[in-house]
$ cat entry33.cif   # mmCIF, C-alpha atoms
data_input
#
loop_
_atom_site.label_atom_id
_atom_site.label_comp_id
_atom_site.auth_asym_id
_atom_site.auth_seq_id
_atom_site.Cartn_x
_atom_site.Cartn_y
_atom_site.Cartn_z
CA MET A 15 47.56 250.40 -25.99
CA ARG A 16 48.65 250.35 -29.63
CA LYS A 17 52.25 250.78 -28.52
CA ILE A 18 51.97 247.78 -26.18
CA ILE A 19 50.49 245.61 -28.95
CA THR A 20 53.24 246.69 -31.36
CA ILE A 21 55.97 245.95 -28.82
CA CYS A 22 54.47 242.53 -28.05
CA THR A 23 54.21 241.68 -31.75
CA VAL A 24 57.83 242.64 -32.34
CA LEU A 25 58.98 240.62 -29.32
CA ALA A 26 56.98 237.58 -30.43
CA ALA A 27 58.40 237.76 -33.95
CA PHE A 28 61.91 238.09 -32.53
CA SER A 29 61.52 235.05 -30.30
CA VAL A 30 60.31 232.93 -33.24
CA ALA A 31 63.24 234.12 -35.33
CA SER A 32 65.60 233.42 -32.43
CA ALA A 33 64.26 229.89 -31.99
CA SER A 34 64.86 229.20 -35.68
CA ALA A 35 68.23 230.94 -35.51
CA ASN A 36 69.24 228.67 -32.59
CA GLU A 37 68.77 225.68 -34.86
CA THR A 38 71.73 225.61 -37.21
CA GLN A 39 71.77 224.31 -40.76
CA TYR A 40 73.70 221.36 -39.32
CA ASP A 41 70.93 220.60 -36.82
CA LYS A 42 68.54 220.48 -39.78
CA LEU A 43 70.78 218.12 -41.77
CA VAL A 44 71.10 215.83 -38.76
CA ALA A 45 67.35 216.00 -38.14
CA GLU A 46 66.77 214.84 -41.74
CA ASP A 47 69.09 211.89 -41.16
CA GLY A 48 67.29 211.16 -37.90
CA SER A 49 63.94 211.19 -39.63
CA LYS A 50 65.11 208.62 -42.20
CA PHE A 51 66.69 206.54 -39.42
CA ARG A 52 63.43 206.43 -37.45
CA SER A 53 61.34 205.72 -40.55
CA TYR A 54 63.55 202.74 -41.36
CA PHE A 55 62.74 201.15 -38.01
CA GLN A 56 59.10 202.16 -38.06
CA ASN A 57 58.73 200.35 -41.38
CA LYS A 58 60.72 197.35 -40.17
CA PHE A 59 58.90 197.00 -36.84
CA ALA A 60 55.45 198.42 -37.50
CA SER A 61 53.97 197.26 -34.19
CA VAL A 62 56.68 198.79 -31.98
CA GLU A 63 55.94 202.15 -30.37
CA MET A 64 58.64 204.78 -30.92
CA THR A 65 58.94 205.27 -27.16
CA ASP A 66 59.81 201.60 -26.66
CA TYR A 67 63.03 201.68 -28.67
CA ILE A 68 64.89 202.81 -25.55
CA ASN A 69 64.54 199.22 -24.34
CA GLY A 70 66.69 197.74 -27.08
CA VAL A 71 66.02 194.14 -28.07
CA TYR A 72 63.24 193.95 -25.47
CA ALA A 73 61.17 196.26 -27.68
CA ILE A 74 61.17 193.73 -30.53
CA ASP A 75 61.41 190.28 -28.92
CA ALA A 76 58.60 189.17 -26.62
CA LYS A 77 60.45 186.23 -25.03
CA SER A 78 63.49 188.35 -24.11
CA ARG A 79 61.19 191.05 -22.83
CA GLU A 80 59.46 188.64 -20.46
CA GLN A 81 62.79 187.71 -18.86
CA TRP A 82 63.92 191.33 -18.78
CA GLU A 83 60.72 192.48 -17.06
CA GLU A 84 61.30 189.89 -14.34
CA ILE A 85 64.86 191.14 -13.91
CA GLU A 86 63.58 194.74 -13.71
CA GLU A 87 61.50 193.83 -10.65
CA PHE A 88 64.78 193.70 -8.73
CA PRO A 89 67.08 195.72 -11.01
CA PRO A 90 70.71 194.56 -10.78
CA TYR A 91 71.90 198.17 -11.26
CA GLU A 92 69.96 199.52 -8.28
CA LEU A 93 72.82 199.23 -5.82
CA SER A 94 75.13 200.78 -8.42
CA ILE A 95 73.06 203.96 -8.38
CA ASP A 96 73.53 204.29 -4.62
CA GLU A 97 77.24 203.50 -4.86
CA GLY A 98 77.56 205.99 -7.69
CA GLN A 99 75.85 208.69 -5.62
CA GLU A 100 78.27 208.07 -2.76
CA LEU A 101 81.24 208.42 -5.08
CA PHE A 102 79.73 211.49 -6.70
CA GLU A 103 79.20 213.25 -3.37
CA LYS A 104 82.53 212.30 -1.83
CA PRO A 105 84.83 215.34 -1.85
CA PHE A 106 88.18 215.30 -3.62
CA ALA A 107 91.38 215.72 -1.58
CA ASN A 108 91.19 219.47 -2.28
CA GLY A 109 87.72 219.74 -0.77
CA LYS A 110 85.83 220.23 -4.03
CA SER A 111 83.51 217.66 -5.58
CA TYR A 112 82.08 216.61 -8.95
CA ALA A 113 79.20 219.05 -8.44
CA SER A 114 81.64 221.95 -8.88
CA CYS A 115 82.46 220.82 -12.44
CA PHE A 116 78.94 220.50 -13.83
CA SER A 117 76.01 222.80 -14.32
CA ASN A 118 73.13 222.30 -11.89
CA ASP A 119 75.61 220.60 -9.53
CA GLY A 120 75.76 217.63 -11.88
CA VAL A 121 72.10 216.70 -11.37
CA ASN A 122 70.02 216.07 -14.48
CA VAL A 123 72.84 216.88 -16.89
CA ARG A 124 73.18 213.49 -18.64
CA LYS A 125 70.65 214.68 -21.24
CA ASN A 126 73.20 217.24 -22.45
CA TYR A 127 75.86 214.64 -23.26
CA PRO A 128 77.57 214.08 -25.56
CA TYR A 129 77.97 217.60 -26.87
CA TYR A 130 80.46 219.31 -29.16
CA ASP A 131 82.81 221.39 -27.02
CA LEU A 132 83.56 224.56 -28.99
CA GLU A 133 86.56 225.47 -26.84
CA LEU A 134 88.24 222.08 -26.95
CA SER A 135 87.02 221.39 -30.51
CA LYS A 136 85.93 217.86 -29.75
CA VAL A 137 82.98 215.76 -28.67
CA MET A 138 82.63 215.75 -24.89
CA THR A 139 81.04 212.67 -23.36
CA LEU A 140 79.86 212.37 -19.77
CA GLU A 141 82.64 209.93 -18.84
CA LEU A 142 85.28 212.17 -20.36
CA ALA A 143 83.85 215.12 -18.45
CA ILE A 144 83.94 213.11 -15.21
CA ASN A 145 87.64 212.37 -15.66
CA MET A 146 88.44 215.93 -16.72
CA CYS A 147 86.77 217.03 -13.49
CA ARG A 148 88.93 214.62 -11.49
CA GLU A 149 92.17 215.68 -13.16
CA SER A 150 91.43 219.38 -12.83
CA ASN A 151 91.02 218.75 -9.09
CA GLY A 152 94.28 216.84 -8.72
CA GLU A 153 92.79 213.35 -8.81
CA LYS A 154 93.84 210.43 -11.03
CA ALA A 155 91.68 209.60 -14.01
CA LEU A 156 89.48 206.52 -13.75
CA GLY A 157 89.45 203.66 -16.26
CA TYR A 158 86.76 204.27 -18.86
CA LYS A 159 85.06 200.90 -19.20
CA LYS A 160 83.90 199.74 -15.76
CA GLY A 161 84.28 200.30 -12.04
CA ASP A 162 83.92 203.74 -10.48
CA ILE A 163 83.45 205.59 -13.79
CA ALA A 164 80.45 203.40 -14.56
CA LEU A 165 79.03 203.87 -11.06
CA ILE A 166 79.29 207.67 -11.17
CA SER A 167 77.90 207.72 -14.71
CA ALA A 168 75.04 205.46 -13.57
CA TYR A 169 74.07 207.86 -10.79
CA MET A 170 74.26 210.88 -13.11
CA ALA A 171 72.27 209.03 -15.78
CA TYR A 172 69.64 208.15 -13.19
CA THR A 173 69.15 211.84 -12.32
CA SER A 174 68.27 212.44 -16.00
CA ARG A 175 65.81 209.57 -16.25
CA ASP A 176 62.71 210.38 -18.30
CA GLU A 177 64.38 213.46 -19.82
CA THR A 178 65.11 213.59 -23.55
CA PHE A 179 68.45 214.20 -25.24
CA ASN A 180 69.23 217.88 -25.78
CA ILE A 181 72.16 217.79 -28.20
CA LYS A 182 73.03 220.40 -30.81
CA VAL A 183 75.32 220.53 -33.81
CA PRO A 184 76.58 224.11 -33.56
CA ASN A 185 79.07 224.36 -36.39
CA GLN A 186 80.90 222.66 -39.27
CA ALA A 187 83.45 221.03 -36.97
CA ALA A 188 80.65 219.48 -34.90
CA TYR A 189 78.95 218.31 -38.08
CA ASP A 190 82.25 216.79 -39.23
CA ALA A 191 82.45 214.88 -35.94
CA TYR A 192 78.87 213.69 -36.49
CA LEU A 193 79.75 212.56 -40.03
CA ASP A 194 82.84 210.77 -38.74
CA GLY A 195 80.67 208.85 -36.30
CA LYS A 196 78.10 208.17 -39.00
CA LYS A 197 80.82 206.83 -41.31
CA PHE A 198 82.10 204.57 -38.53
CA PHE A 199 78.59 203.21 -37.98
CA TYR A 200 78.11 202.28 -41.64
CA SER A 201 81.65 201.04 -42.41
CA LYS A 202 82.35 197.34 -42.63
CA ARG A 203 85.28 196.30 -40.46
CA GLY A 204 87.02 193.29 -38.98
CA GLN A 205 87.67 189.86 -40.39
CA LEU A 206 83.95 189.22 -40.38
CA ASN A 207 83.47 192.32 -42.55
CA LEU A 208 80.50 193.70 -40.62
CA ALA A 209 79.40 197.27 -40.00
CA CYS A 210 77.40 198.34 -36.94
CA SER A 211 74.53 198.85 -39.39
CA ASP A 212 74.74 195.28 -40.69
CA CYS A 213 73.71 193.88 -37.31
CA HIS A 214 71.70 196.75 -35.83
CA LEU A 215 69.89 198.00 -38.92
CA VAL A 216 69.71 195.24 -41.55
CA ALA A 217 69.76 192.24 -39.21
CA ALA A 218 67.96 193.86 -36.26
CA GLY A 219 65.34 191.42 -35.06
CA GLN A 220 66.85 188.44 -36.86
CA LYS A 221 68.60 185.51 -35.24
CA LEU A 222 72.39 185.55 -35.11
CA ARG A 223 73.01 182.15 -33.58
CA ALA A 224 71.18 182.39 -30.25
CA ASP A 225 71.07 186.16 -30.13
CA ILE A 226 68.88 188.80 -31.69
CA PRO A 227 70.60 192.10 -32.57
CA SER A 228 68.86 195.11 -31.09
CA PRO A 229 67.73 198.02 -33.29
CA ALA A 230 70.26 200.86 -33.35
CA LEU A 231 67.51 203.37 -32.63
CA GLY A 232 67.61 204.00 -28.90
CA HIS A 233 71.03 202.42 -28.46
CA THR A 234 72.64 204.95 -26.15
CA THR A 235 69.68 205.96 -23.97
CA GLY A 236 70.13 203.29 -21.32
CA PHE A 237 73.87 203.45 -20.67
CA PRO A 238 75.75 202.63 -18.56
CA VAL A 239 74.27 199.13 -18.46
CA TYR A 240 74.34 196.19 -16.11
CA ARG A 241 75.07 193.42 -18.55
CA SER A 242 74.40 189.83 -17.45
CA LYS A 243 77.33 188.70 -19.59
CA TRP A 244 79.65 191.08 -17.72
CA GLY A 245 78.16 190.30 -14.33
CA GLY A 246 78.38 194.03 -13.66
CA LEU A 247 78.06 197.58 -14.89
CA GLY A 248 79.87 198.84 -17.98
CA THR A 249 80.02 201.91 -20.15
CA LEU A 250 78.98 202.47 -23.74
CA HIS A 251 82.61 202.50 -24.93
CA ARG A 252 83.18 199.16 -23.25
CA ARG A 253 80.35 197.81 -25.36
CA TYR A 254 81.75 199.40 -28.51
CA ALA A 255 85.10 197.68 -27.92
CA GLY A 256 83.36 194.35 -27.33
CA CYS A 257 81.33 194.66 -30.52
CA ASN A 258 84.44 195.50 -32.55
CA LYS A 259 86.23 192.47 -31.10
CA ASN A 260 83.22 190.29 -31.94
CA VAL A 261 83.73 191.02 -35.64
CA ARG A 262 87.53 190.66 -35.20
CA ALA A 263 88.18 194.36 -35.69
CA GLN A 264 90.89 195.83 -33.48
CA PRO A 265 88.99 197.99 -30.98
CA PHE A 266 89.80 201.64 -30.41
CA PRO A 267 90.67 203.19 -27.03
CA ALA A 268 87.66 204.00 -24.86
CA GLN A 269 86.98 207.75 -25.03
CA GLY A 270 89.23 208.07 -28.08
CA GLU A 271 88.02 210.24 -30.96
CA GLU A 272 86.52 207.32 -32.91
CA TYR A 273 84.18 206.15 -30.16
CA ARG A 274 83.28 209.67 -28.99
CA ASN A 275 82.23 210.59 -32.53
CA LEU A 276 80.30 207.33 -32.85
CA GLU A 277 78.50 208.10 -29.57
CA PHE A 278 77.75 211.61 -30.90
CA PHE A 279 76.19 210.18 -34.07
CA GLN A 280 74.17 207.55 -32.21
CA SER A 281 72.93 210.03 -29.60
CA LEU A 282 71.83 212.45 -32.31
CA MET A 283 69.83 209.65 -33.92
CA ASN A 284 68.10 209.27 -30.54
CA GLN A 285 66.87 212.88 -30.35
CA GLY A 286 63.40 212.89 -28.84
CA LEU A 287 63.79 209.54 -27.11
CA VAL A 288 63.67 209.36 -23.34
CA LEU A 289 66.78 208.61 -21.30
CA ASN A 290 66.51 205.46 -19.18
CA GLY A 291 69.96 204.80 -17.78
CA PRO A 292 71.23 202.86 -16.07
CA SER A 293 69.53 199.77 -17.48
CA ALA A 294 69.84 196.00 -17.62
CA ARG A 295 70.83 194.08 -20.69
CA LYS A 296 71.85 190.48 -21.42
CA MET B 5 120.31 150.15 -52.28
CA LYS B 6 122.29 152.66 -54.38
CA LYS B 7 119.18 153.26 -56.48
CA LEU B 8 117.18 153.92 -53.33
CA ILE B 9 119.69 156.50 -52.08
CA VAL B 10 119.72 158.28 -55.44
CA VAL B 11 115.90 158.41 -55.58
CA ALA B 12 115.73 159.72 -52.00
CA MET B 13 118.29 162.48 -52.72
CA ALA B 14 116.41 163.50 -55.86
CA ALA B 15 113.17 163.73 -53.87
CA LEU B 16 114.82 165.89 -51.21
CA LEU B 17 116.40 168.21 -53.75
CA SER B 18 113.08 168.67 -55.59
CA VAL B 19 111.45 170.23 -52.51
CA PRO B 20 112.11 174.00 -52.51
CA VAL B 21 113.84 175.16 -49.36
CA VAL B 22 112.84 178.56 -48.14
CA ALA B 23 115.66 180.52 -46.64
CA SER B 24 115.04 182.03 -43.20
CA THR B 25 116.06 185.41 -44.66
CA GLU B 26 113.13 185.23 -47.08
CA VAL B 27 110.74 184.49 -44.23
CA THR B 28 112.19 187.38 -42.22
CA ALA B 29 111.46 189.66 -45.15
CA LEU B 30 107.95 188.23 -45.37
CA ILE B 31 107.34 188.87 -41.67
CA ASP B 32 108.65 192.43 -42.05
CA LYS B 33 106.31 193.01 -44.97
CA ALA B 34 103.36 191.63 -43.01
CA GLU B 35 104.18 193.92 -40.08
CA ALA B 36 104.57 196.99 -42.30
CA THR B 37 101.21 196.29 -43.94
CA ARG B 38 99.62 195.68 -40.53
CA VAL B 39 100.85 199.09 -39.37
CA GLN B 40 99.29 200.66 -42.49
CA ALA B 41 95.97 198.94 -41.75
CA ALA B 42 96.14 200.13 -38.13
CA ALA B 43 96.80 203.72 -39.27
CA ALA B 44 93.75 203.46 -41.52
CA GLY B 45 91.69 202.31 -38.52
CA PHE B 46 90.93 198.88 -39.96
CA GLU B 47 93.38 196.48 -38.29
CA TRP B 48 91.99 193.02 -37.53
CA THR B 49 92.39 191.42 -34.11
CA LYS B 50 94.30 188.30 -35.16
CA THR B 51 97.02 189.84 -37.34
CA ALA B 52 99.47 191.00 -34.70
CA GLY B 53 99.26 187.59 -33.01
CA LEU B 54 100.07 185.80 -36.26
CA ILE B 55 103.16 187.96 -36.75
CA LYS B 56 104.25 187.31 -33.18
CA SER B 57 103.80 183.55 -33.69
CA ALA B 58 105.69 183.70 -36.99
CA ASN B 59 108.63 185.39 -35.26
CA LYS B 60 108.56 182.78 -32.51
CA ALA B 61 108.51 179.90 -35.00
CA LEU B 62 111.42 181.42 -36.91
CA LYS B 63 113.43 181.84 -33.71
CA GLU B 64 112.80 178.17 -32.90
CA GLY B 65 113.98 177.15 -36.36
CA ASP B 66 110.61 176.13 -37.77
CA VAL B 67 110.96 178.08 -41.01
CA ALA B 68 108.02 176.38 -42.74
CA LEU B 69 105.62 177.28 -39.96
CA ALA B 70 107.00 180.82 -39.79
CA GLN B 71 106.42 181.21 -43.51
CA LYS B 72 102.86 179.89 -43.25
CA LEU B 73 101.98 182.24 -40.39
CA ALA B 74 103.65 185.25 -41.99
CA SER B 75 101.80 184.63 -45.24
CA LYS B 76 98.53 184.49 -43.37
CA ALA B 77 99.35 187.71 -41.52
CA LEU B 78 100.25 189.47 -44.75
CA LYS B 79 97.01 188.32 -46.39
CA GLN B 80 94.99 189.61 -43.44
CA SER B 81 96.78 192.96 -43.51
CA GLU B 82 96.25 193.34 -47.25
CA ASN B 83 92.56 192.50 -46.88
CA SER B 84 92.26 195.01 -44.04
CA LEU B 85 93.57 197.72 -46.35
CA LEU B 86 91.17 196.68 -49.11
CA GLN B 87 88.39 196.86 -46.55
CA ALA B 88 89.48 200.38 -45.55
CA GLN B 89 89.40 201.47 -49.21
CA TYR B 90 86.00 199.87 -49.78
CA SER B 91 84.54 201.51 -46.68
CA GLN B 92 85.87 204.91 -47.71
CA GLN B 93 84.09 204.63 -51.08
CA HIS B 94 80.93 202.74 -50.15
CA TRP B 95 79.87 203.43 -46.55
CA GLN B 96 77.11 205.75 -47.76
CA ASP B 97 75.58 202.92 -49.80
CA HIS B 98 74.23 201.42 -46.59
CA THR B 99 72.47 204.46 -45.08
CA PRO B 100 68.64 204.52 -44.93
CA GLN B 101 67.19 206.52 -47.83
#
$ encode --input "entry33.cif" --output "structure tokens"
Amino acid sequence: MRKIITICTVLAAFSVASASANETQYDKLVAEDGSKFRSYFQNKFASVEMTDYINGVYAIDAKSREQWEEIEEFPPYELSIDEGQELFEKPFANGKSYASCFSNDGVNVRKNYPYYDLELSKVMTLELAINMCRESNGEKALGYKKGDIALISAYMAYTSRDETFNIKVPNQAAYDAYLDGKKFFYSKRGQLNLACSDCHLVAAGQKLRADIPSPALGHTTGFPVYRSKWGGLGTLHRRYAGCNKNVRAQPFPAQGEEYRNLEFFQSLMNQGLVLNGPSARK
Amino acid sequence: MKKLIVVAMAALLSVPVVASTEVTALIDKAEATRVQAAAAGFEWTKTAGLIKSANKALKEGDVALAQKLASKALKQSENSLLQAQYSQQHWQDHTPQ
């Protein structure tokens, strides 16, 4: 009996140590940043529940929310999920399918993206992974901003609905990518000299002409989005390019290093928030 | 009449004439600075278009317009680089504490 108790105690201690060991020093640094990020918005919007930030501007503006809730009764992205599933399940010319490229056959994996790929030494986003899957199976890559890539991403995002992000920062290189994305977020750019943070941190909730900038917290949870302005579905990097153009900054290529690192930073700030893609936005 | 001709010639001669070679150099400088801004990741959306328009104006013989557009493009490129430098030094000033 004593032996069993001793063994159990040792095993329990080991598992605690392992859990702590799994969290790197970089995870802790990012968690500290995340804590400050969330506190900023909690102080700015005291009446907004943390769980509601996944709904963007609709979490902070009642009038917009009313319209959005009506739209959600017949979601414009609903058909896209079905179309995306069809595309996802359709075999490639070589007989394989997307399921062969992802863990769990590609179901409920969105929560793991983006992640830092240790082998390729870069941030891997879901859309990049989709195209890498295609190319490794002899298919042409899809455009990264809209069309089939958005449909497939929408279906995969839907299978992760209500899950939370599960993203780690395993080493210095991953942390550097995170910092690169963080720097991008806080750097003023374009002829209008605006950083992402100027609109989505400082001016979140204020009126910019007829629009209200959404809080940056929760920004990536709902992508890809059906945007009324686009009249269709689009990816996160499409939105990044649009935002850069809005401030007259030359946009970067979708799925280039700049936007992948930015997505990595933003997603890490969303740790603990629930995934709700695809979603509808104005 | 003679007086009028003399006055008119004096007025014409007092306006500085920019040589097309000077404007070509200005356009080249604007383009080189734009490329630097692009390499730094801070190019603005309108700059390349201004340079293209300046080249077009020069080709069509409108040196004054070409000079105006090239000057604007150069100013934008220079400001883009200043912005890149500022961001490098100050981006952390705007993070939540």
$ residues_around --input "entry33.cif" --residues "range 80-82 of chain B" --least-positions-apart "5" --cutoff "10 Å" --atoms "all atoms listed in the file" --output "list of chain:residue names"
A:Gly204, A:Gln205, B:Lys33, B:Ala34, B:Glu35, B:Ala36, B:Thr37, B:Arg38, B:Val39, B:Gln40, B:Ala41, B:Ala42, B:Phe46, B:Glu47, B:Trp48, B:Thr49, B:Lys50, B:Thr51, B:Ala52, B:Leu54, B:Ala74, B:Ser75, B:Gln87, B:Ala88
$ residues_around --input "entry33.cif" --residues "Thr99 in chain B" --least-positions-apart "5" --cutoff "9 Å" --atoms "all atoms listed in the file" --output "PyMOL selection string"
chain A and resi 50-51+200+211
$ closest_atom_pairs --input "entry33.cif" --of "chain A" --to "chain B" --cutoff "10 Å" --atoms "all atoms listed in the file" --output "JSON lines"
{"residue": "A:Asp47", "atom": "CA", "partner": "B:Pro100", "partner_atom": "CA", "distance": 8.3}
{"residue": "A:Gly48", "atom": "CA", "partner": "B:Pro100", "partner_atom": "CA", "distance": 9.8}
{"residue": "A:Ser49", "atom": "CA", "partner": "B:Pro100", "partner_atom": "CA", "distance": 9.7}
{"residue": "A:Lys50", "atom": "CA", "partner": "B:Pro100", "partner_atom": "CA", "distance": 6.1}
{"residue": "A:Phe51", "atom": "CA", "partner": "B:Pro100", "partner_atom": "CA", "distance": 6.2}
{"residue": "A:Arg52", "atom": "CA", "partner": "B:Pro100", "partner_atom": "CA", "distance": 9.3}
{"residue": "A:Ser53", "atom": "CA", "partner": "B:Pro100", "partner_atom": "CA", "distance": 8.6}
{"residue": "A:Tyr54", "atom": "CA", "partner": "B:Pro100", "partner_atom": "CA", "distance": 6.5}
{"residue": "A:Phe55", "atom": "CA", "partner": "B:Pro100", "partner_atom": "CA", "distance": 9.7}
{"residue": "A:Lys196", "atom": "CA", "partner": "B:Thr99", "partner_atom": "CA", "distance": 9.1}
{"residue": "A:Lys197", "atom": "CA", "partner": "B:Trp95", "partner_atom": "CA", "distance": 6.3}
{"residue": "A:Phe198", "atom": "CA", "partner": "B:Trp95", "partner_atom": "CA", "distance": 8.4}
{"residue": "A:Phe199", "atom": "CA", "partner": "B:Trp95", "partner_atom": "CA", "distance": 8.7}
{"residue": "A:Tyr200", "atom": "CA", "partner": "B:Trp95", "partner_atom": "CA", "distance": 5.3}
{"residue": "A:Ser201", "atom": "CA", "partner": "B:Trp95", "partner_atom": "CA", "distance": 5.1}
{"residue": "A:Lys202", "atom": "CA", "partner": "B:Ser91", "partner_atom": "CA", "distance": 6.2}
{"residue": "A:Arg203", "atom": "CA", "partner": "B:Phe46", "partner_atom": "CA", "distance": 6.2}
{"residue": "A:Gly204", "atom": "CA", "partner": "B:Trp48", "partner_atom": "CA", "distance": 5.2}
{"residue": "A:Gln205", "atom": "CA", "partner": "B:Trp48", "partner_atom": "CA", "distance": 6.1}
{"residue": "A:Leu206", "atom": "CA", "partner": "B:Trp48", "partner_atom": "CA", "distance": 9.3}
{"residue": "A:Asn207", "atom": "CA", "partner": "B:Gln87", "partner_atom": "CA", "distance": 7.8}
{"residue": "A:Ala209", "atom": "CA", "partner": "B:Trp95", "partner_atom": "CA", "distance": 9.0}
{"residue": "A:Ser211", "atom": "CA", "partner": "B:His98", "partner_atom": "CA", "distance": 7.7}
{"residue": "A:Asp212", "atom": "CA", "partner": "B:His98", "partner_atom": "CA", "distance": 8.5}
{"residue": "A:Leu215", "atom": "CA", "partner": "B:Pro100", "partner_atom": "CA", "distance": 9.0}
{"residue": "A:Val216", "atom": "CA", "partner": "B:His98", "partner_atom": "CA", "distance": 9.2}
{"residue": "A:Asn258", "atom": "CA", "partner": "B:Thr49", "partner_atom": "CA", "distance": 9.1}
{"residue": "A:Lys259", "atom": "CA", "partner": "B:Thr49", "partner_atom": "CA", "distance": 6.9}
{"residue": "A:Asn260", "atom": "CA", "partner": "B:Thr49", "partner_atom": "CA", "distance": 9.5}
{"residue": "A:Val261", "atom": "CA", "partner": "B:Trp48", "partner_atom": "CA", "distance": 8.7}
{"residue": "A:Arg262", "atom": "CA", "partner": "B:Thr49", "partner_atom": "CA", "distance": 5.0}
{"residue": "A:Ala263", "atom": "CA", "partner": "B:Trp48", "partner_atom": "CA", "distance": 4.4}
{"residue": "A:Gln264", "atom": "CA", "partner": "B:Thr49", "partner_atom": "CA", "distance": 4.7}
{"residue": "A:Pro265", "atom": "CA", "partner": "B:Thr49", "partner_atom": "CA", "distance": 8.0}
{"residue": "A:Phe266", "atom": "CA", "partner": "B:Gly45", "partner_atom": "CA", "distance": 8.4}
{"residue": "A:Glu272", "atom": "CA", "partner": "B:Gly45", "partner_atom": "CA", "distance": 9.1}
$ axis_aligned_box --input "entry33.cif" --around "range 141-159 of chain A" --padding-each-side "4 Å" --output "JSON"
{"center_x": 88.5, "center_y": 210.1, "center_z": -14.5, "size_x": 19.6, "size_y": 26.5, "size_z": 19.6}
$ resolve_selection --input "entry33.cif" --expression "the PyMOL selection byres ((chain A and resi 251-254) around 9)" --output "number ranges by chain"
A: 158-160, 248-250, 255-259, 265-269, 273-274, 277
